[in-house]
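Raw work-v2.cif, mmCIF, C-alpha atoms:
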data_model
loop_
_atom_site.label_atom_id
_atom_site.label_comp_id
_atom_site.auth_asym_id
_atom_site.auth_seq_id
_atom_site.Cartn_x
_atom_site.Cartn_y
_atom_site.Cartn_z
CA MET A 257 -57.52 47.89 84.50
CA ARG A 258 -54.39 49.60 85.70
CA LEU A 259 -53.60 53.01 84.19
CA THR A 260 -50.02 52.04 83.33
CA LEU A 261 -51.25 49.04 81.41
CA VAL A 262 -53.79 51.18 79.58
CA ILE A 263 -51.16 53.74 78.60
CA THR A 264 -48.68 51.07 77.57
CA GLY A 265 -51.34 49.43 75.45
CA ALA A 266 -52.24 52.73 73.82
CA VAL A 267 -48.62 53.47 72.97
CA ALA A 268 -48.22 49.99 71.54
CA ALA A 269 -51.37 50.45 69.48
CA VAL A 270 -50.05 53.73 68.07
CA LEU A 271 -46.72 52.12 67.19
CA VAL A 272 -48.36 49.13 65.54
CA GLY A 273 -50.63 51.52 63.66
CA LEU A 274 -47.65 53.60 62.53
CA GLY A 275 -45.96 50.53 61.13
CA ALA A 276 -49.12 49.28 59.50
CA GLY A 277 -49.82 52.69 57.98
CA TRP A 278 -46.29 52.96 56.61
CA VAL A 279 -46.22 49.44 55.19
CA SER A 280 -49.65 49.68 53.63
CA ALA A 281 -49.12 53.17 52.18
CA MET A 282 -45.82 52.48 50.43
CA PRO A 283 -47.13 50.23 47.64
CA VAL A 284 -50.15 52.48 47.15
CA ILE A 285 -48.16 55.69 46.63
CA PRO A 286 -47.01 54.84 43.06
CA TYR A 287 -50.65 54.30 42.05
CA VAL A 288 -51.64 57.62 43.61
CA ALA A 289 -48.74 59.45 41.94
CA THR A 290 -49.67 57.92 38.58
CA ASP A 291 -53.36 58.78 38.92
CA ARG A 292 -52.57 62.37 39.87
CA LEU A 293 -50.54 62.88 36.71
CA TRP A 294 -52.97 61.01 34.47
CA ASN A 295 -55.84 63.13 35.77
CA ARG A 296 -53.80 66.26 35.08
CA PHE A 297 -53.05 65.10 31.52
CA ILE A 298 -56.72 64.31 30.93
CA SER A 299 -57.79 67.68 32.27
CA ARG A 300 -55.48 69.22 29.65
CA GLY A 301 -57.02 67.25 26.82
CA SER A 302 -55.23 63.89 26.73
CA GLN A 303 -57.44 60.99 25.70
CA ILE A 304 -57.28 57.32 26.61
CA ASN A 305 -55.53 55.14 24.00
CA VAL A 306 -54.48 58.18 21.97
CA LEU A 307 -50.88 59.31 21.50
CA SER A 308 -50.19 62.87 22.57
CA PRO A 309 -48.65 65.21 19.99
CA THR A 310 -44.99 66.15 20.13
CA ILE A 311 -44.12 69.45 21.72
CA VAL A 312 -40.92 70.91 23.09
CA ARG A 313 -41.88 71.24 26.72
CA ASP A 314 -40.91 74.13 28.96
CA ALA A 315 -41.13 75.06 32.62
CA ARG A 316 -44.41 76.85 32.14
CA ARG A 317 -46.29 73.75 31.00
CA ASN A 318 -44.63 70.84 32.70
CA SER A 319 -46.12 68.80 35.48
CA VAL A 320 -43.78 65.78 35.52
CA PRO A 321 -41.19 65.91 38.32
CA ARG A 322 -37.53 65.66 37.26
CA ASP A 323 -38.49 65.45 33.61
CA ASN A 324 -35.84 65.29 30.89
CA ALA A 325 -35.86 68.57 28.97
CA ASP A 326 -33.87 67.08 26.07
CA THR A 327 -36.45 64.59 24.90
CA LEU A 328 -39.21 65.05 22.38
CA THR A 329 -41.80 62.98 24.16
CA ARG A 330 -45.07 61.42 23.15
CA SER A 331 -47.19 59.43 25.55
CA ALA A 332 -50.50 57.66 25.92
CA ILE A 333 -52.59 56.46 28.80
CA ILE A 334 -53.54 52.95 27.74
CA ASP A 335 -56.64 51.11 28.85
CA LEU A 336 -56.78 47.49 27.75
CA ALA A 337 -60.33 46.89 28.98
CA ASP A 338 -61.66 46.58 25.43
CA GLY A 339 -58.80 44.49 24.09
CA PRO A 340 -55.18 44.74 22.98
CA GLN A 341 -53.65 47.85 21.44
CA VAL A 342 -51.11 48.06 18.64
CA PHE A 343 -48.28 50.59 18.64
CA GLU A 344 -46.69 51.19 15.25
CA VAL A 345 -43.75 53.44 14.56
CA GLN A 346 -41.12 54.36 12.05
CA VAL A 347 -38.09 54.43 14.33
CA PRO A 348 -36.43 57.86 14.01
CA THR A 349 -32.88 58.15 12.74
CA ALA A 350 -32.39 61.78 13.77
CA ALA A 351 -32.50 61.11 17.52
CA GLU A 352 -29.47 60.87 19.78
CA TYR A 353 -31.46 58.12 21.50
CA TRP A 354 -34.97 56.80 20.98
CA SER A 355 -37.05 54.35 22.97
CA VAL A 356 -40.57 53.24 23.64
CA SER A 357 -41.35 52.10 27.16
CA LEU A 358 -44.43 50.87 28.94
CA PHE A 359 -45.22 51.31 32.61
CA ALA A 360 -47.84 49.53 34.66
CA HIS A 361 -50.32 51.48 36.78
CA ASN A 362 -47.93 51.05 39.73
CA THR A 363 -45.04 52.50 37.62
CA ASP A 364 -43.30 49.14 37.00
CA THR A 365 -41.52 49.09 33.64
CA PHE A 366 -42.84 46.08 31.75
CA PHE A 367 -41.54 46.79 28.25
CA LEU A 368 -38.65 48.72 26.78
CA ALA A 369 -37.16 48.86 23.30
CA ASN A 370 -34.63 51.38 22.06
CA ASP A 371 -33.44 52.22 18.58
CA ALA A 372 -30.25 50.20 19.04
CA ARG A 373 -32.44 47.15 19.53
CA THR A 374 -35.11 47.84 16.92
CA GLY A 375 -32.87 49.36 14.26
CA PRO A 376 -34.33 51.90 11.81
CA GLY A 377 -37.57 51.28 9.95
CA SER A 378 -40.94 50.08 11.12
CA PHE A 379 -41.57 48.53 14.50
CA ARG A 380 -44.88 46.99 15.54
CA LEU A 381 -45.71 46.25 19.14
CA LEU A 382 -48.72 44.39 20.46
CA ILE A 383 -49.80 45.46 23.95
CA ARG A 384 -52.13 43.10 25.74
CA ARG A 385 -53.17 41.80 29.11
CA PRO A 386 -52.51 38.22 30.22
CA GLY A 387 -55.27 36.09 28.76
CA GLN A 388 -56.17 38.47 25.95
CA SER A 389 -55.71 36.74 22.64
CA ALA A 390 -54.39 38.18 19.40
CA SER A 391 -52.41 36.85 16.51
CA GLU A 392 -48.86 37.70 17.49
CA GLU A 393 -46.86 36.72 14.43
CA LYS A 394 -47.36 40.09 12.72
CA PHE A 395 -45.58 41.94 15.49
CA ASP A 396 -41.96 42.64 16.26
CA ALA A 397 -42.62 42.41 19.99
CA VAL A 398 -45.40 41.70 22.45
CA ALA A 399 -45.80 43.55 25.76
CA ILE A 400 -47.97 41.97 28.41
CA SER A 401 -49.31 44.51 30.85
CA PRO A 402 -49.70 43.40 34.47
CA THR A 403 -52.40 46.05 34.97
CA ARG A 404 -55.44 47.03 32.94
CA LYS A 405 -54.18 50.58 32.61
CA ALA A 406 -50.65 51.40 31.54
CA PHE A 407 -48.59 54.32 30.29
CA LEU A 408 -46.64 54.42 27.04
CA ILE A 409 -43.75 56.85 26.61
CA ILE A 410 -41.77 57.58 23.46
CA ARG A 411 -38.48 59.30 24.29
CA ALA A 412 -36.54 60.87 21.43
CA VAL A 413 -33.44 62.73 22.58
CA MET A 414 -32.82 66.00 20.75
CA THR A 415 -29.32 67.05 19.75
CA ASP A 416 -30.08 70.50 21.15
CA ARG A 417 -33.55 71.58 22.21
CA ASN A 418 -32.55 75.19 21.46
CA ASP A 419 -31.77 74.39 17.80
CA PRO A 420 -35.12 74.78 15.98
CA ALA A 421 -33.97 73.18 12.72
CA ALA A 422 -32.69 70.03 14.44
CA VAL A 423 -35.82 69.83 16.56
CA ALA A 424 -38.04 70.18 13.48
CA ARG A 425 -36.19 67.34 11.72
CA LEU A 426 -36.65 65.04 14.68
CA ASP A 427 -40.22 66.16 15.25
CA ALA A 428 -41.18 65.11 11.72
CA GLN A 429 -39.84 61.62 12.44
CA VAL A 430 -41.31 61.26 15.91
CA LYS A 431 -44.75 62.01 14.48
CA LEU A 432 -44.65 58.73 12.52
CA ALA A 433 -46.23 56.67 15.24
CA ARG A 434 -49.73 55.53 15.99
CA LEU A 435 -51.73 53.59 18.55
CA ASP A 436 -54.83 51.65 17.56
CA PRO A 437 -57.07 48.85 18.76
CA VAL A 438 -55.78 45.55 17.41
CA ALA A 439 -58.78 45.12 15.10
CA ALA A 440 -58.24 48.51 13.46
CA ALA A 441 -54.54 47.85 12.97
CA ALA A 442 -54.92 44.35 11.56
CA ASN A 443 -55.51 45.30 7.94
CA ARG A 444 -53.14 48.23 7.65
CA LEU A 445 -49.57 48.23 6.49
CA PRO A 446 -47.10 48.71 9.36
CA ALA A 447 -46.64 52.30 10.51
CA ALA A 448 -47.90 53.69 7.24
CA SER A 449 -48.97 57.04 8.52
CA SER A 450 -48.78 59.45 11.39
CA GLN A 451 -51.34 59.95 14.11
CA ASP A 452 -50.53 63.32 15.56
CA ASP A 453 -53.68 63.88 17.49
CA ALA A 454 -54.86 67.17 18.85
CA ALA A 455 -54.73 66.11 22.47
CA SER A 456 -52.39 67.97 24.76
CA ALA A 457 -49.09 66.37 25.59
CA PRO A 458 -48.10 65.84 29.20
CA MET F 143 -54.80 52.60 91.53
CA THR F 144 -57.12 54.00 88.87
CA ARG F 145 -59.33 51.41 87.18
CA ILE F 146 -60.94 51.94 83.78
CA GLY F 147 -63.65 49.87 82.18
CA THR F 148 -62.48 47.27 79.67
CA ARG F 149 -64.84 48.55 76.99
CA TRP F 150 -63.34 52.03 77.16
CA VAL F 151 -59.84 50.65 77.14
CA VAL F 152 -60.46 48.65 73.97
CA LEU F 153 -62.06 51.69 72.35
CA GLY F 154 -59.09 53.81 73.32
CA TRP F 155 -56.60 51.30 71.97
CA THR F 156 -58.57 51.02 68.74
CA LEU F 157 -58.57 54.77 68.31
CA ALA F 158 -54.85 54.84 69.08
CA ALA F 159 -54.22 52.19 66.43
CA ILE F 160 -56.31 54.12 63.88
CA PHE F 161 -54.45 57.31 64.71
CA GLY F 162 -51.15 55.46 64.31
CA THR F 163 -52.18 54.02 60.97
CA VAL F 164 -53.20 57.40 59.59
CA ALA F 165 -50.02 58.96 60.97
CA GLY F 166 -47.90 56.16 59.45
CA ALA F 167 -49.48 56.71 56.05
CA ALA F 168 -48.99 60.47 56.37
CA VAL F 169 -45.33 60.03 57.25
CA ALA F 170 -44.89 57.70 54.28
CA TRP F 171 -46.45 60.30 51.98
CA GLN F 172 -44.30 63.09 53.41
CA ILE F 173 -41.02 61.19 53.15
CA SER F 174 -41.76 59.88 49.66
CA GLY F 175 -42.12 63.44 48.40
CA SER F 176 -38.43 64.24 48.75
CA ALA F 177 -35.65 62.83 46.61
CA ARG F 178 -33.33 63.50 49.54
CA GLY F 179 -34.72 60.28 50.96
CA LEU F 180 -32.84 58.48 48.19
CA LYS F 181 -29.28 58.31 49.39
CA GLY F 182 -27.15 56.05 47.31
CA ILE F 183 -23.61 55.65 46.08
CA GLY F 184 -21.46 57.49 43.59
CA PRO F 185 -18.51 59.82 43.20
CA ALA F 186 -19.36 62.57 45.72
CA PRO F 187 -21.28 64.82 45.54
CA TRP F 188 -23.10 62.65 42.99
CA TYR F 189 -25.09 59.62 44.06
CA THR F 190 -27.41 57.11 42.48
CA ALA F 191 -29.81 54.77 44.22
CA PRO F 192 -29.16 51.14 43.27
CA ASN F 193 -31.81 49.74 40.95
CA LEU F 194 -33.54 53.11 40.64
CA GLY F 195 -36.27 52.71 38.03
CA ASP F 196 -36.25 48.95 38.42
CA ALA F 197 -39.37 47.13 39.57
CA SER F 198 -37.28 44.96 41.90
CA THR F 199 -36.15 47.84 44.09
CA ASP F 200 -37.46 48.44 47.62
CA ALA F 201 -40.87 49.95 48.37
CA LEU F 202 -39.52 53.26 49.71
CA THR F 203 -37.35 53.88 46.64
CA ARG F 204 -40.26 53.03 44.36
CA ALA F 205 -42.53 55.42 46.24
CA VAL F 206 -39.96 58.23 46.22
CA VAL F 207 -39.26 57.75 42.51
CA SER F 208 -42.97 57.75 41.71
CA ARG F 209 -43.30 61.19 43.28
CA THR F 210 -39.96 62.78 42.38
CA GLY F 211 -38.96 61.14 39.10
CA ILE F 212 -41.82 59.00 37.89
CA TRP F 213 -41.40 56.62 34.95
CA ALA F 214 -37.64 56.41 35.37
CA LEU F 215 -36.01 53.76 33.20
CA PRO F 216 -34.05 50.84 34.69
CA PRO F 217 -30.26 51.13 35.16
CA SER F 218 -29.48 49.00 32.14
CA GLU F 219 -31.02 51.78 30.04
CA VAL F 220 -30.42 54.97 32.03
CA VAL F 221 -28.44 55.65 35.20
CA TYR F 222 -29.50 58.76 37.08
CA PHE F 223 -26.99 60.53 39.35
CA VAL F 224 -28.14 63.36 41.63
CA ALA F 225 -26.23 66.08 43.49
CA ASP F 226 -27.98 68.36 45.96
CA GLU F 227 -24.73 69.54 47.56
CA ASP F 228 -21.52 70.99 46.21
CA GLU F 229 -18.15 69.29 46.64
CA ALA F 230 -17.74 70.91 50.07
CA GLY F 231 -20.96 69.28 51.25
CA GLN F 232 -22.97 72.51 51.29
CA PRO F 233 -26.55 72.51 49.92
CA LEU F 234 -26.96 74.21 46.54
CA ARG F 235 -28.26 77.73 47.12
CA GLN F 236 -29.83 80.25 44.79
CA ASN F 237 -27.57 83.08 45.94
CA CYS F 238 -24.37 81.24 44.99
CA VAL F 239 -22.52 80.64 41.72
CA TYR F 240 -21.36 77.10 40.94
CA GLU F 241 -19.20 75.63 38.22
CA LEU F 242 -19.49 72.18 36.68
CA VAL F 243 -16.36 70.99 34.89
CA GLY F 244 -16.27 67.92 32.71
CA ASN F 245 -12.88 66.63 31.68
CA VAL F 246 -14.04 63.47 29.94
CA ASP F 247 -17.38 62.21 28.74
CA PRO F 248 -18.92 59.55 30.99
CA PRO F 249 -19.04 56.09 29.38
CA ALA F 250 -22.51 56.17 27.88
CA ARG F 251 -24.16 56.64 24.52
CA TRP F 252 -25.48 60.05 25.56
CA TRP F 253 -25.47 62.12 28.73
CA SER F 254 -27.04 65.27 30.11
CA VAL F 255 -26.91 67.39 33.25
CA SER F 256 -30.14 69.09 34.35
CA LEU F 257 -31.00 71.56 37.08
CA TYR F 258 -34.15 71.37 39.21
CA ARG F 259 -35.74 73.44 41.93
CA ASP F 260 -38.14 71.43 44.08
CA ASN F 261 -37.93 68.67 41.44
CA PHE F 262 -39.10 70.87 38.55
CA TRP F 263 -37.46 72.87 35.79
CA ILE F 264 -36.74 76.51 36.56
CA ASP F 265 -38.46 78.99 34.30
CA ASN F 266 -35.97 81.21 32.48
CA PRO F 267 -35.94 83.37 29.34
CA ASP F 268 -33.59 81.00 27.48
CA ASP F 269 -35.70 77.89 28.21
CA ARG F 270 -32.40 76.33 29.24
CA TYR F 271 -32.80 73.52 31.76
CA SER F 272 -29.87 71.28 30.86
CA PHE F 273 -26.76 70.74 28.83
CA SER F 274 -25.88 67.51 27.14
CA LYS F 275 -23.17 65.64 25.33
CA THR F 276 -24.48 67.16 22.12
CA SER F 277 -25.47 70.66 23.24
CA VAL F 278 -22.70 71.79 25.59
CA SER F 279 -20.06 74.16 24.19
CA ARG F 280 -16.58 72.72 24.64
CA SER F 281 -13.05 74.02 24.59
CA SER F 282 -10.65 72.80 21.92
CA ASP F 283 -9.49 69.89 24.07
CA GLY F 284 -13.04 68.63 24.50
CA ARG F 285 -13.47 69.77 28.08
CA TRP F 286 -16.54 71.77 29.10
CA ARG F 287 -17.63 74.15 31.85
CA VAL F 288 -21.16 75.07 32.90
CA ARG F 289 -21.93 77.90 35.29
CA VAL F 290 -24.95 77.37 37.55
CA ALA F 291 -26.16 80.74 38.79
CA ALA F 292 -29.14 83.05 39.08
CA ALA F 293 -27.48 85.85 37.10
CA ARG F 294 -26.60 85.39 33.45
CA GLN F 295 -23.10 83.96 32.88
CA ALA F 296 -20.89 83.91 29.81
CA GLY F 297 -20.70 80.55 28.04
CA ASN F 298 -22.74 77.56 29.18
CA TRP F 299 -25.21 78.89 31.77
CA LEU F 300 -27.81 76.94 33.76
CA PRO F 301 -30.16 79.53 35.27
CA MET F 302 -31.16 79.12 38.95
CA GLY F 303 -34.06 81.56 38.70
CA ASP F 304 -35.10 84.20 41.15
CA ARG F 305 -36.50 82.13 43.99
CA PRO F 306 -34.86 79.95 46.64
CA GLY F 307 -35.78 76.30 47.00
CA ALA F 308 -34.36 72.80 47.11
CA PHE F 309 -31.93 72.76 44.17
CA SER F 310 -30.48 69.64 42.67
CA LEU F 311 -28.55 68.62 39.60
CA SER F 312 -29.15 65.38 37.78
CA VAL F 313 -26.79 63.58 35.40
CA ARG F 314 -28.44 61.08 33.08
CA LEU F 315 -26.36 58.42 31.35
CA TYR F 316 -28.32 56.82 28.49
CA GLN F 317 -27.31 53.32 27.52
CA PRO F 318 -24.43 53.35 29.99
CA ASP F 319 -21.41 51.14 29.74
CA PRO F 320 -21.88 48.13 32.08
CA SER F 321 -19.06 49.50 34.25
CA VAL F 322 -21.36 52.37 35.32
CA VAL F 323 -23.83 49.99 36.93
CA ALA F 324 -21.12 47.70 38.26
CA GLU F 325 -19.03 50.45 39.84
CA PRO F 326 -20.93 53.76 40.11
CA THR F 327 -18.32 55.32 42.39
CA ALA F 328 -15.75 55.14 39.56
CA VAL F 329 -17.82 56.98 36.95
CA PRO F 330 -16.06 60.16 35.74
CA LEU F 331 -18.75 62.76 36.48
CA PRO F 332 -18.22 66.54 36.39
CA SER F 333 -16.78 68.35 39.38
CA LEU F 334 -19.15 70.76 41.14
CA LYS F 335 -17.51 73.68 42.90
CA ARG F 336 -19.04 76.73 44.55
CA LEU F 337 -17.32 79.84 43.18
CA SER F 338 -18.97 82.58 45.22
CA CYS F 339 -22.05 83.60 47.17
CA VAL F 340 -23.75 86.94 47.74
#
Written as structure tokens, that's how I'd like the structure from this file.
Amino acid sequence: MRLTLVITGAVAAVLVGLGAGWVSAMPVIPYVATDRLWNRFISRGSQINVLSPTIVRDARRNSVPRDNADTLTRSAIIDLADGPQVFEVQVPTAAEYWSVSLFAHNTDTFFLANDARTGPGSFRLLIRRPGQSASEEKFDAVAISPTRKAFLIIRAVMTDRNDPAAVARLDAQVKLARLDPVAAAANRLPAASSQDDAASAP
Amino acid sequence: MTRIGTRWVVLGWTLAAIFGTVAGAAVAWQISGSARGLKGIGPAPWYTAPNLGDASTDALTRAVVSRTGIWALPPSEVVYFVADEDEAGQPLRQNCVYELVGNVDPPARWWSVSLYRDNFWIDNPDDRYSFSKTSVSRSSDGRWRVRVAAARQAGNWLPMGDRPGAFSLSVRLYQPDPSVVAEPTAVPLPSLKRLSCV
């Protein structure tokens, strides 16, 4: 075979490979980024299907890029392998903004509700996979996760993170949230108690 | 003319393709690690990438966001503007002093402006990483000024820390007015001027 043809073929193979590598890596990167952070949270004590406690985060213990320093945040890595989960909350009134959002393993947002939509009071959310069955009439909303694992984030915006009294007031309200398997939540009154677990927050 | 066996040629092409694939993935990883890959639109020097935080956006934006601002909310809920240059088009530098001036509040339920170095908060004794609609000190007419500098400043001060790096400011608009999404270039965001450098 002629050398020029061999070299041309090799260059073409590299270029095709470059394109294939780029195209195939792009959709994988969000999964990798998610797994890296989840593994870091777990190494710091986070547990699957357990809400993290509220803490005012600082630069010395933050691993989330471009995080919002003004939110009191709780989060949970959710695994729906054993069935749906129920998120219950007393929506805070002391927040400048409050929301609960759910992200698929590939970072897609598949559910979002803010306090303007929910209003104050209790809010019950069923989180399930397609095909998982649960009685849905007891819930204010149903979130269907496109992936088995997902990430739940509660964002409660503080008036001023450097005002301890205001932060304490909001913190007491943000604690009134819990995450349970659907069977455990079925016989309990909505959002009747807090579930401020000992796991480390992200 | 040199002649090479077909078997060796195929092997060489296969290896070249494998090398290219690995290199393509490596380039994708490298580029996705910098928010500077997200050029968008906005009132300069601020910009926002269209549909940032939305599942419908392109693969590169999604990859960049996952590594530089993961779990961003969709534009209907939060619009994120970024500035990594001052109004003169110069990159933000740790040895300079900058001033943000807000004359009016952007049309949103709540807003904040945060400072990052290499996409993370900058450690400082005040634990001050941002100012917001509800935390910034204002003058009697409602206007506000924030100094961005390494050395302590009087009034609202966003500390740049003691190390150089890739600095950027981010404005978040929570529950923005629909006009923000429809016309991001017209959003009244703070001016960002460099005052001095050492």
**Item:** chain F contacts on chain A, all atoms listed in the file, 6 Å, as a PyMOL selection string
**Value:** chain A and resi 257-259+266+269-270+273-274+276-278+281-282+285-286+289+315+321-322+364+415-416
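Distance check against Asp338 in chain A using all atoms listed in the file: of A:Ile400, A:His361, A:Tyr353, A:Arg384, the minimum falls on A:Arg384.
Residues with at least one atom no more than 6 Å from (-23.1, 72.3, 33.8), using only C-alpha atoms, are F:Leu242, F:Val288, F:Arg289.
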**Asked** What separation in Å, quoted to one decimal, exists between CA of Ser357 in chain A and CA of Phe407 in chain A?
**Response** 8.2 Å
**Request:** Output the residue selection produced by the PyMOL selection byres ((chain A and resi 360) around 8) on the file above, formatted as a VMD selection string.
**Result:** chain A and resid 358 to 359 361 to 366 401 to 403 405 to 407
Next, dump the selected residues to file, keeping only C-alpha atoms, as an mmCIF file, in the coordinates of the input.
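Final output, saved to result.cif:
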data_model
loop_
_atom_site.group_PDB
_atom_site.id
_atom_site.type_symbol
_atom_site.label_atom_id
_atom_site.label_comp_id
_atom_site.auth_asym_id
_atom_site.auth_seq_id
_atom_site.Cartn_x
_atom_site.Cartn_y
_atom_site.Cartn_z
ATOM 1 C CA LEU A 358 -44.430 50.870 28.940
ATOM 2 C CA PHE A 359 -45.220 51.310 32.610
ATOM 3 C CA HIS A 361 -50.320 51.480 36.780
ATOM 4 C CA ASN A 362 -47.930 51.050 39.730
ATOM 5 C CA THR A 363 -45.040 52.500 37.620
ATOM 6 C CA ASP A 364 -43.300 49.140 37.000
ATOM 7 C CA THR A 365 -41.520 49.090 33.640
ATOM 8 C CA PHE A 366 -42.840 46.080 31.750
ATOM 9 C CA SER A 401 -49.310 44.510 30.850
ATOM 10 C CA PRO A 402 -49.700 43.400 34.470
ATOM 11 C CA THR A 403 -52.400 46.050 34.970
ATOM 12 C CA LYS A 405 -54.180 50.580 32.610
ATOM 13 C CA ALA A 406 -50.650 51.400 31.540
ATOM 14 C CA PHE A 407 -48.590 54.320 30.290
#
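Within the file as shown, the PyMOL selection byres ((chain A and resi 435) around 7) identifies Asn305, Val306, Leu307, Gln341, Val342, Phe343, Glu344, Arg434 and Asp436 of chain A.
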**Item:** Selection result for the PyMOL selection byres ((chain A and resi 297) around 12) on this file, as a ChimeraX atom specification
**Value:** /A:290-296,298-304,306-308,317-320,331-333,407,455-458
Filtering to C-alpha atoms, could you give me those residues as a compact mmCIF listing (two decimals), in the coordinates of the input?
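Just written: part12.txt:
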# COMPACT_ATOMS: atom_id res chain seq x y z
CA THR A 290 -49.67 57.92 38.58
CA ASP A 291 -53.36 58.78 38.92
CA ARG A 292 -52.57 62.37 39.87
CA LEU A 293 -50.54 62.88 36.71
CA TRP A 294 -52.97 61.01 34.47
CA ASN A 295 -55.84 63.13 35.77
CA ARG A 296 -53.80 66.26 35.08
CA ILE A 298 -56.72 64.31 30.93
CA SER A 299 -57.79 67.68 32.27
CA ARG A 300 -55.48 69.22 29.65
CA GLY A 301 -57.02 67.25 26.82
CA SER A 302 -55.23 63.89 26.73
CA GLN A 303 -57.44 60.99 25.70
CA ILE A 304 -57.28 57.32 26.61
CA VAL A 306 -54.48 58.18 21.97
CA LEU A 307 -50.88 59.31 21.50
CA SER A 308 -50.19 62.87 22.57
CA ARG A 317 -46.29 73.75 31.00
CA ASN A 318 -44.63 70.84 32.70
CA SER A 319 -46.12 68.80 35.48
CA VAL A 320 -43.78 65.78 35.52
CA SER A 331 -47.19 59.43 25.55
CA ALA A 332 -50.50 57.66 25.92
CA ILE A 333 -52.59 56.46 28.80
CA PHE A 407 -48.59 54.32 30.29
CA ALA A 455 -54.73 66.11 22.47
CA SER A 456 -52.39 67.97 24.76
CA ALA A 457 -49.09 66.37 25.59
CA PRO A 458 -48.10 65.84 29.20
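Proximity ranking of F:Phe223, F:Asn193, F:Pro330, F:Thr199 relative to Pro283 in chain A places F:Thr199 first, based on only C-alpha atoms.
Here CA of Val438 in chain A is placed at a distance of 14.8 Å from CA of Phe379 in chain A.
CA of Pro249 in chain F is positioned 8.2 Å from CA of Ser321 in chain F.
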**Message:** Which residues are near Ser218 in chain F? Cut-off 8 Å, only C-alpha atoms, ignore same chain within fewer than 3 positions. Put them as number ranges by chain.
**Reply:** F: 221, 317-318, 320, 323
**Prompt:** Got a sec: who's within 12 Å of Arg373 in chain A, counting all atoms listed in the file, leaving out chain neighbours fewer than 2 positions off, as an NGL selection string?
**Reply:** (:A and (347 or 353-356 or 368-371 or 375-377 or 379 or 396-397)) or (:F and (219 or 317))
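Taking all atoms listed in the file into account, Asp304 in chain F lies nearest to F:Asn237 out of the set F:Ser176, F:Gln232, F:Asn237, F:Thr327.
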**Prompt:** Using only C-alpha atoms, which residues sit within 6 Å of Val243 in chain F once same-chain residues fewer than 4 positions away are excluded, as a PyMOL selection string?
**Reply:** chain F and resi 286-287+332-333
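The shortest atom-to-atom distance to Ala225 in chain F, with all atoms listed in the file taken into account, belongs to F:Gly182 out of F:Gly182, F:Pro267, F:Gly244, F:Pro192.
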